[in-house]
Amino acid sequence: MGGSEARNVLVMGLGNVLMGDDAFGPTVARTLESRFDLPPGVSALDAGTPGLDLMPYLLGVKALVVVDTVSSKDPPGTVKTYRLEEILRAPIQPRVNPHDPGLKEALHTLDFAGQCPEEVLLVGVVPENVERGLALSPAVRDSVDAALGEILKELDRLGVPASPRRNASEPDLWWLGRDS
Amino acid sequence: MARITVDPITRIEGHLRIDVEVDGGAVRDSWSSGQMYRGIETILKGRDPRDAWLFTQRFCGVCTTVHAIASVRAVENALNMEVPLNAQYIRNLLILAHGLHDHIVHFYHLSALDWVDVVEALKADPAKAASLGESLSPWPGNSKRQMEAVKAKLKEFVDRGQLGIFANGYWGHSAMKLPPEVNLLAVNHYLQALDYQQKANKVVAILGGKTPNIQNLAVGGVANAINLDNESALNMTKLFAVKDLLDDVATFVQQVYLVDVCAVGALYAHWLGYGAGVTNYLAVPDLALDTKGTQFDLPGGTIFEGNLGGAKAITSFQDAYFKENVEESIAHSWYDGDWQRHPWQEDTEPKYSEFDPNGKYSWVKSPRFMGRPMQVGPLAQMLVGYATGHELIKKWVDYALGTAGAVAGAKLGPGVLHGTLGRHLARAVRATVFSELAVKHWGLLANNIGKGDTAVFNPPEFPSGEQQGFGFHEAPRGTLSHWVVIDNGKIKNYQAVVPSTWNAGPRDAKGQKGPYEASLVGNPIADPKRPLEVLRTIHSFDPCLACAIHTVDVEGQELSKVRVL
């Protein structure tokens with residue numbers, strides 16, 4: 001590995017902030033940015049729900065940490081981690097709607113192109129409620145710190161540790177309302 | 001008679017269900033159903049209209065920019081505002097770059113594999129593929145070495161025993177007709193397109209901010225500070241980076257994307273008769289050239305029953321013909337009641353019941369224009385432009401028809417555009433028109449800044465009482481309109497009538513099918529268990545209903561299926 005710039009590490013929160021617990025990824029990405037100083041070459045991104053449009057953000061990334069909701073039989077709020085091989089092993093769905101593809105499909109496409117990030121960690125939380133609404137359910141909100149812990153551990157492992165900001169600010173969770 | 005349901009049974013990602021009745025190898029009847037309730041508009045009630053665009057761009061993760069733009073236009077319309085020229089040009093460049101990105105991805109990464117058999121490409125002779133590519137285009141990325149490298153990469157991938165992104169494709173289907181060399185050429189461009197969609201997206205990022213959700217809009221203009229000497233503002237370095245990226249993308253679109261669609265279309269010429277469906281078309285003008293929105297570089301208007309001679313133009317952001325004639329019907333949608341109303345008068349009261357092909361069967365409403373179903377999308381805009389003598393559109397439509405005709409050995413007129421392949425061809429033509437206009441609008445912005453104009457924002461003022469506004473935008477998937485009612489500075493009602501609603505909506509009270517439904521009737525079906533032909537026609541619209549929510553499933557089983565009853 002070259003210098004830290006060449007590492008190009010991306011921490012990406014996925015999810016729709018208007019859909020209850022689906023806001024987990026964006027919440028964690030924004031919280032990371034507001035509370036920690038990220039070393040050069042490491043960035044955090046609230047990427048929303050771009051489907052296959054994730055590709056432009058993943059091209060050139062060497063190590064990726066994704067934060068998202070995951071479907072699982074475990075109780076809401078459970079934080080689970082997965083590595084690249086496990087994500088790629090999960091079956092691709094028959095395509096009905098061309099925009100169905102999400103993370104798995106974007107990674108598969110880049111894998112075929114030989115441009116997949118070398119390391120991928122998915123930090124997932126099991127949601128309780130993904131109906132329209134602007135707040136995380138309590139169990140999921142309580143898991144934000146656990147997810148941050150997984151991210152910090154991964155950044156350490158990658159040799160690009162984040163340090164707590166001296167002047168930590170409140171994360172910009174604008175959808176929770178400034179005026180209502 | 002067989003009934004096929006292509007049904008994504010998860011609530012997670014697939015929200016479109018298509019049912020078709022097949023008899024004698026062709027579709028006889030069809031139903032399009034949106035399987036997820038959105039209703040996100042209700043989140044906006046009571047909010048500050050200046051914040052609405054932040055929320056609306058989260059409606060959908062793919063179509064972020066377009067909902068942001070339609071939203072600020074709707075509020076500006078309600079307040080009868082103008083926006084500074086720089087703001088129009090910067091919005092136009094965002095629209096152009098976003099559209100280029102979206103059209104490239106749609107063709108290569110989301111729908112080309114309906115026509116291109118990846119596995120067959122392994123049988124190709126790289127030298128022949130290279131000489132074919134070089135005969136079609138001056139593009140330098142079609143060399144023999146390049147073809148050999150792509151074939152080797154594909155072979156390694158297939159030999160691994162799992163097809164990765166190509167798993168679940170309909171490889172070897174009898175409806176796949178391209179020679180191996182064309183398949184290899186297409187796989188080559190599939191890979192190269194990755195770089196060019198990223199370049200287009202970088203333009204959006206430079207102008208709009210780092211995330212997929214742009215940050216630079218405001219009711220009244222944009223929030224980009226213009227200062228040619230300031231590092232953090234929109235400066236000379238950033239402007240020239242934008243220009244270089246747009247030039248690169250223009251070359252790819254003109255030398256690769258358009259050529260590929262012409263060639264693939266010509267080699268599937270027997271498909272030219274399929275998939276027309278609703279031949280009423282609606283497009284809105286876009287790329288405003290003045291502060292008020294009365295002059296545009298992209299045309300809008302209506303065409304009824306395929307009659308190009310009767311095209312009627314939509315001409316301004318205040319256009320009464322558009323404003324007065326949009327309604328939505330819920331006759332077959334899961335909402336309480338059975339009305340057809342103007343968006344300002346709508347409400348959204350969900351009332352779910354079973355899927356009933358004779359009753360209610362979709363969460364999608366049925367938009368109507370003067371009571372008629374309308375097809376929206378690149379084809380609508382290219383036909384309106386062709387019919388109204390838009391020079392750039394006419395130039396590239398004629399070029400595309402000439403190129404495809406030369407490969408097919410036939411003379412093709414604009415009439416062949418009504419249909420599945422026509423939607424792909426029109427999208428490629430639109431991308432080509434965009435590639436020229438992007439360079440033009442970059443020049444307009446640079447010249448205007450060069451004159452010393454750095455204004456980007458007019459502050460909005462909210463009078464007391466009630467105002468109604470509408471804002472439209474011709475998005476990659478077609479006509480998008482937002483409708484807002486403001487009461488004492490707060491949002492009282494908000495409705496988004498989105499392109500995929502126009503196209504995917506169910507029947508209305510008169511029983512008129514929506515465009516997806518109508519387009520499937522008559523489609524051939526070679527193998528009901530592998531209904532590739534249904535996917536071809538639906539994918540040609542570039543449907544996007546799926547993005548309201550997103551969850552990764554790494555433990556689940558196959559989540560969607562095809563059922564044949």
# chains A, B, ... in the order shown; residues from 1 in each chain; ligands from 1

$ select_by_dssp --residues "region 331-362 of chain B" --states "strand (DSSP E or B)" --output "MDAnalysis selection string"
chainID B and resid 333 335 340:341 350 362

$ residues_around --residues "region 26-37 of chain A" --least-positions-apart "2" --cutoff "6 Å" --atoms "only C-alpha atoms" --output "PyMOL selection string"
chain A and resi 13-14+23-24+44+46+162-165+168-169+171

$ residues_around --residues "Glu461 (chain B)" --least-positions-apart "5" --cutoff "12 Å" --atoms "only C-alpha atoms" --output "ChimeraX atom specification"
/B:48-50,75-76,78-81,219-220,467,488-489

$ select_by_dssp --residues "region 133-174 of chain A" --states "alpha helix (DSSP H)" --output "list in words"
Pro138, Ala139, Val140, Arg141, Val144, Asp145, Ala146, Ala147, Leu148, Gly149, Glu150, Ile151, Leu152, Lys153, Glu154, Leu155, Asp156 and Arg157 of chain A

$ write_last_selection --atoms "C-alpha atoms" --output "PDB file, in the first residue's frame"
ATOM      1  CA  PRO A 138     -35.578   3.206  19.875  1.00  0.00           C
ATOM      2  CA  ALA A 139     -33.812  -0.160  19.417  1.00  0.00           C
ATOM      3  CA  VAL A 140     -32.230   0.986  16.174  1.00  0.00           C
ATOM      4  CA  ARG A 141     -31.296   4.421  17.509  1.00  0.00           C
ATOM      5  CA  VAL A 144     -25.785   3.876  16.297  1.00  0.00           C
ATOM      6  CA  ASP A 145     -22.859   3.725  18.727  1.00  0.00           C
ATOM      7  CA  ALA A 146     -22.342   0.009  18.150  1.00  0.00           C
ATOM      8  CA  ALA A 147     -22.177   0.614  14.404  1.00  0.00           C
ATOM      9  CA  LEU A 148     -19.720   3.480  14.935  1.00  0.00           C
ATOM     10  CA  GLY A 149     -17.622   1.074  17.011  1.00  0.00           C
ATOM     11  CA  GLU A 150     -17.481  -1.419  14.126  1.00  0.00           C
ATOM     12  CA  ILE A 151     -16.454   1.352  11.730  1.00  0.00           C
ATOM     13  CA  LEU A 152     -13.681   2.618  14.035  1.00  0.00           C
ATOM     14  CA  LYS A 153     -12.387  -0.930  14.466  1.00  0.00           C
ATOM     15  CA  GLU A 154     -12.265  -1.369  10.696  1.00  0.00           C
ATOM     16  CA  LEU A 155     -10.469   1.949  10.155  1.00  0.00           C
ATOM     17  CA  ASP A 156      -7.901   0.859  12.752  1.00  0.00           C
ATOM     18  CA  ARG A 157      -7.422  -2.437  10.980  1.00  0.00           C
TER      19      ARG A 157
END

$ residues_around --residues "region 75-87 of chain A" --least-positions-apart "5" --cutoff "8 Å" --atoms "only C-alpha atoms" --output "list in words"
Lys104, Glu119, Val120, Leu121, Leu122, Val123, Gly124, Val125, Val126, Pro127, Glu128, Ala139, Val140, Arg141, Asp142, Ser143, Ala146 and Ala147 of chain A; Val554 of chain B

$ closest_residue --among "A:Val9, A:Asp22, A:Leu38, A:Val61" --to "chain B" --atoms "only C-alpha atoms"
A:Asp22

$ closest_residue --among "B:Gly275, B:Tyr386, B:Ser71, B:Gly161" --to "Leu535 (chain B)" --atoms "only C-alpha atoms"
B:Gly275

$ residues_around --residues "Ala263 (chain B)" --least-positions-apart "2" --cutoff "10 Å" --atoms "only C-alpha atoms" --output "list in words"
Leu136, Val182, Leu258, Val259, Asp260, Val261, Gly265, Ala266, Leu267, Tyr268, Ala269, Ala400, Thr403, Ala404, Gly405, Ala406, Val407 and Ala408 of chain B

$ closest_residue --among "B:Leu191, B:Ala496, B:Leu154, B:Ile226" --to "Thr109 (chain A)" --atoms "only C-alpha atoms"
B:Leu191

$ atom_distance --atom1 "CA of Leu52 (chain A)" --atom2 "CA of Gly61 (chain B)"
9.9 Å

$ residues_around --residues "Leu425 (chain B)" --least-positions-apart "3" --cutoff "12 Å" --atoms "only C-alpha atoms" --output "PyMOL selection string"
chain B and resi 103+107+257-266+272+377-380+382-383+396-401+403-404+414+416-422+428-432+540-541

$ write_last_selection --atoms "C-alpha atoms" --output "CSV table (one decimal), in the first residue's frame"
chain,number,residue,atom,x,y,z
B,103,HIS,CA,-29.1,7.4,-20.1
B,107,PHE,CA,-28.6,1.4,-21.8
B,257,TYR,CA,-23.7,4.8,-27.4
B,258,LEU,CA,-25.6,6.2,-30.3
B,259,VAL,CA,-23.8,3.9,-32.8
B,260,ASP,CA,-24.4,0.8,-30.6
B,261,VAL,CA,-28.2,1.5,-30.3
B,262,CYS,CA,-28.5,2.0,-34.0
B,263,ALA,CA,-26.7,-1.2,-34.8
B,264,VAL,CA,-28.5,-3.4,-32.2
B,265,GLY,CA,-31.8,-1.9,-33.2
B,266,ALA,CA,-31.1,-2.7,-36.9
B,272,LEU,CA,-39.7,-2.6,-34.8
B,377,GLY,CA,-40.0,9.8,-21.7
B,378,PRO,CA,-37.2,10.5,-24.3
B,379,LEU,CA,-39.3,9.1,-27.1
B,380,ALA,CA,-42.1,11.7,-26.3
B,382,MET,CA,-37.8,13.5,-29.5
B,383,LEU,CA,-41.1,13.1,-31.3
B,396,TRP,CA,-29.8,13.5,-34.8
B,397,VAL,CA,-33.1,11.6,-35.3
B,398,ASP,CA,-32.4,11.6,-39.1
B,399,TYR,CA,-28.8,10.6,-38.5
B,400,ALA,CA,-29.9,7.7,-36.2
B,401,LEU,CA,-32.6,6.5,-38.6
B,403,THR,CA,-27.4,4.7,-39.6
B,404,ALA,CA,-29.8,2.0,-38.4
B,414,PRO,CA,-39.7,8.4,-37.8
B,416,VAL,CA,-40.6,3.2,-36.7
B,417,LEU,CA,-39.9,5.0,-33.5
B,418,HIS,CA,-43.3,4.1,-32.0
B,419,GLY,CA,-42.3,1.0,-30.0
B,420,THR,CA,-39.8,-0.8,-27.8
B,421,LEU,CA,-36.7,-0.3,-29.9
B,422,GLY,CA,-37.8,3.3,-30.7
B,428,ALA,CA,-29.7,7.5,-27.3
B,429,VAL,CA,-30.6,10.4,-29.6
B,430,ARG,CA,-31.6,12.5,-26.6
B,431,ALA,CA,-28.2,11.7,-25.0
B,432,THR,CA,-26.5,12.9,-28.2
B,540,SER,CA,-37.4,0.1,-22.7
B,541,PHE,CA,-39.4,2.7,-20.6

$ atom_distance --atom1 "CA of Gly273 (chain B)" --atom2 "CA of Ser519 (chain B)"
10.8 Å

$ closest_residue --among "B:Thr537, B:Gln254, B:Asn142, B:Asn216" --to "chain A" --atoms "only C-alpha atoms"
B:Thr537

$ residues_around --residues "Pro299 (chain B)" --least-positions-apart "4" --cutoff "9 Å" --atoms "only C-alpha atoms" --output "PyMOL selection string"
chain B and resi 283-286+313-315+381-382+384-385+388+390

$ write_last_selection --atoms "N, CA and C atoms" --output "CSV table (one decimal), in the first residue's frame"
chain,number,residue,atom,x,y,z
B,283,ALA,N,-44.4,15.8,-23.4
B,283,ALA,CA,-43.1,16.2,-22.9
B,283,ALA,C,-43.2,17.7,-22.5
B,284,VAL,N,-42.4,18.1,-21.5
B,284,VAL,CA,-42.4,19.5,-21.2
B,284,VAL,C,-41.0,20.1,-21.6
B,285,PRO,N,-41.1,21.5,-21.9
B,285,PRO,CA,-39.8,22.1,-22.3
B,285,PRO,C,-38.9,22.2,-21.1
B,286,ASP,N,-37.6,22.2,-21.5
B,286,ASP,CA,-36.6,22.3,-20.4
B,286,ASP,C,-35.3,23.0,-20.9
B,313,ALA,N,-47.5,22.7,-28.8
B,313,ALA,CA,-46.4,23.0,-28.0
B,313,ALA,C,-46.8,23.4,-26.6
B,314,ILE,N,-45.9,23.1,-25.6
B,314,ILE,CA,-46.0,23.7,-24.2
B,314,ILE,C,-44.8,24.6,-24.2
B,315,THR,N,-45.1,25.9,-23.8
B,315,THR,CA,-44.1,26.9,-24.1
B,315,THR,C,-43.5,27.6,-22.9
B,381,GLN,N,-40.3,13.3,-26.0
B,381,GLN,CA,-39.6,14.6,-26.3
B,381,GLN,C,-39.0,14.6,-27.7
B,382,MET,N,-38.4,13.5,-28.1
B,382,MET,CA,-37.8,13.5,-29.5
B,382,MET,C,-38.9,13.6,-30.5
B,384,VAL,N,-41.9,15.1,-30.2
B,384,VAL,CA,-42.4,16.5,-30.1
B,384,VAL,C,-41.4,17.4,-30.8
B,385,GLY,N,-40.1,17.2,-30.6
B,385,GLY,CA,-39.1,18.0,-31.2
B,385,GLY,C,-39.1,17.8,-32.7
B,388,THR,N,-42.1,19.5,-34.3
B,388,THR,CA,-42.1,20.9,-34.2
B,388,THR,C,-40.9,21.6,-34.8
B,390,HIS,N,-37.5,21.1,-34.3
B,390,HIS,CA,-36.4,21.4,-33.4
B,390,HIS,C,-35.1,20.9,-34.2
